[in-house]
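Asks: My questions all concern the structure below.
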Amino acid sequence: MERQSEGIAPPEVSRSGFHLRLKAAPARRGRARSNAHPARRVQEIHKKSDGTYGVPRVTAELKDAGIGMR
C-alpha cells in the first residue's frame, strides 16, 4: 500500500471486518446516545455535591432518580 502522508499508512483491515464494523455502526451510535444521558447526570450530581460524592453516592442518586446503571 502507498503511504498517505508523513509515514502514516492506512490500517490493514480485511474486507469482511470492514463491512462487519460498518453494519454495526447504527448500534454503536444508539448505545452512545443512550449512555450520554446518565453520563451528564453523573456530572451534575458530582458537581452539585461540590465533588464530594463518589461512586456509591452517585449510584444511589441515579437509582433514586430511576436511572438504571449496568
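We name chains A, B, ... following the order of the C-alpha cells; residues begin at 1 in each chain, and ligands are numbered from 1 as shown.
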Which residues come within 9 Å of Thr59 (chain A), counting only C-alpha atoms, excluding same-chain residues fewer than 3 positions away, as JSON, numbers by chain?

Replies: {"A": [42, 54, 55, 56, 62, 63, 64, 68, 69]}

Asks: With C-alpha atoms retained, write the just-selected residues as a PDB file, in the first residue's frame.

Replies:
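Output (result-v1.pdb):
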ATOM      1  CA  VAL A  42     -23.301  11.775  36.899  1.00  0.00           C
ATOM      2  CA  GLY A  54     -18.046   9.157  44.990  1.00  0.00           C
ATOM      3  CA  VAL A  55     -19.323   6.134  43.103  1.00  0.00           C
ATOM      4  CA  PRO A  56     -21.606   4.740  45.852  1.00  0.00           C
ATOM      5  CA  LEU A  62     -29.101   7.713  39.933  1.00  0.00           C
ATOM      6  CA  LYS A  63     -31.079   4.781  41.336  1.00  0.00           C
ATOM      7  CA  ASP A  64     -33.348   7.179  43.249  1.00  0.00           C
ATOM      8  CA  GLY A  68     -30.520   2.167  35.919  1.00  0.00           C
ATOM      9  CA  MET A  69     -26.805   1.586  35.599  1.00  0.00           C
TER      10      MET A  69
END

Asks: Using only C-alpha atoms, which protein or nucleic acid residues come within 10 Å of Arg41 (chain A)? Drop anything in the same chain fewer than 6 positions from it, and give the result as an mmCIF file with N, CA, C and O atoms, in the first residue's frame.

Replies:
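The new file part.cif reads:
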data_model
loop_
_atom_site.group_PDB
_atom_site.id
_atom_site.type_symbol
_atom_site.label_atom_id
_atom_site.label_comp_id
_atom_site.auth_asym_id
_atom_site.auth_seq_id
_atom_site.Cartn_x
_atom_site.Cartn_y
_atom_site.Cartn_z
ATOM 1 N N LYS A 47 -21.034 17.531 40.534
ATOM 2 C CA LYS A 47 -20.844 18.982 40.665
ATOM 3 C C LYS A 47 -21.712 19.547 41.793
ATOM 4 O O LYS A 47 -21.258 20.378 42.582
ATOM 5 N N VAL A 58 -23.194 8.546 44.087
ATOM 6 C CA VAL A 58 -23.692 8.905 42.754
ATOM 7 C C VAL A 58 -24.613 7.797 42.244
ATOM 8 O O VAL A 58 -25.688 8.073 41.710
ATOM 9 N N GLU A 61 -27.919 8.067 43.964
ATOM 10 C CA GLU A 61 -28.695 9.191 43.420
ATOM 11 C C GLU A 61 -29.334 8.804 42.083
ATOM 12 O O GLU A 61 -30.491 9.124 41.824
ATOM 13 N N LEU A 62 -28.569 8.139 41.224
ATOM 14 C CA LEU A 62 -29.101 7.713 39.933
ATOM 15 C C LEU A 62 -30.231 6.710 40.125
ATOM 16 O O LEU A 62 -31.259 6.780 39.446
ATOM 17 N N ALA A 65 -33.327 8.363 41.129
ATOM 18 C CA ALA A 65 -33.915 9.089 40.004
ATOM 19 C C ALA A 65 -34.497 8.147 38.963
ATOM 20 O O ALA A 65 -35.066 8.589 37.960
ATOM 21 N N ILE A 67 -32.763 5.953 37.143
ATOM 22 C CA ILE A 67 -31.819 5.722 36.045
ATOM 23 C C ILE A 67 -31.017 4.487 36.394
ATOM 24 O O ILE A 67 -30.221 4.503 37.326
#

Asks: Residues of region 26-64 of chain A in helix (DSSP H, G or I) according to DSSP, as a ChimeraX atom specification?

Replies: /A:26-48,55-64

Asks: Would you write out those residues with C-alpha atoms, as a CSV table (one decimal), in the first residue's frame?

Replies:
chain,number,residue,atom,x,y,z
A,26,PRO,CA,-26.0,2.1,13.9
A,27,ALA,CA,-26.0,0.0,17.1
A,28,ARG,CA,-22.8,1.8,18.4
A,29,ARG,CA,-24.5,5.2,17.7
A,30,GLY,CA,-27.6,4.1,19.6
A,31,ARG,CA,-25.5,3.0,22.6
A,32,ALA,CA,-23.6,6.2,22.6
A,33,ARG,CA,-26.8,8.2,22.7
A,34,SER,CA,-28.3,6.1,25.5
A,35,ASN,CA,-25.1,6.4,27.5
A,36,ALA,CA,-24.9,10.2,27.2
A,37,HIS,CA,-27.9,11.0,29.5
A,38,PRO,CA,-26.6,9.0,32.5
A,39,ALA,CA,-23.1,10.5,32.0
A,40,ARG,CA,-24.5,14.0,32.1
A,41,ARG,CA,-26.5,13.2,35.2
A,42,VAL,CA,-23.3,11.8,36.9
A,43,GLN,CA,-21.5,15.0,36.2
A,44,GLU,CA,-24.4,17.1,37.5
A,45,ILE,CA,-24.6,15.0,40.7
A,46,HIS,CA,-20.9,15.2,41.3
A,47,LYS,CA,-20.8,19.0,40.7
A,48,LYS,CA,-23.9,19.5,42.9
A,55,VAL,CA,-19.3,6.1,43.1
A,56,PRO,CA,-21.6,4.7,45.9
A,57,ARG,CA,-23.4,8.0,46.4
A,58,VAL,CA,-23.7,8.9,42.8
A,59,THR,CA,-25.0,5.4,42.0
A,60,ALA,CA,-27.6,5.8,44.8
A,61,GLU,CA,-28.7,9.2,43.4
A,62,LEU,CA,-29.1,7.7,39.9
A,63,LYS,CA,-31.1,4.8,41.3
A,64,ASP,CA,-33.3,7.2,43.2
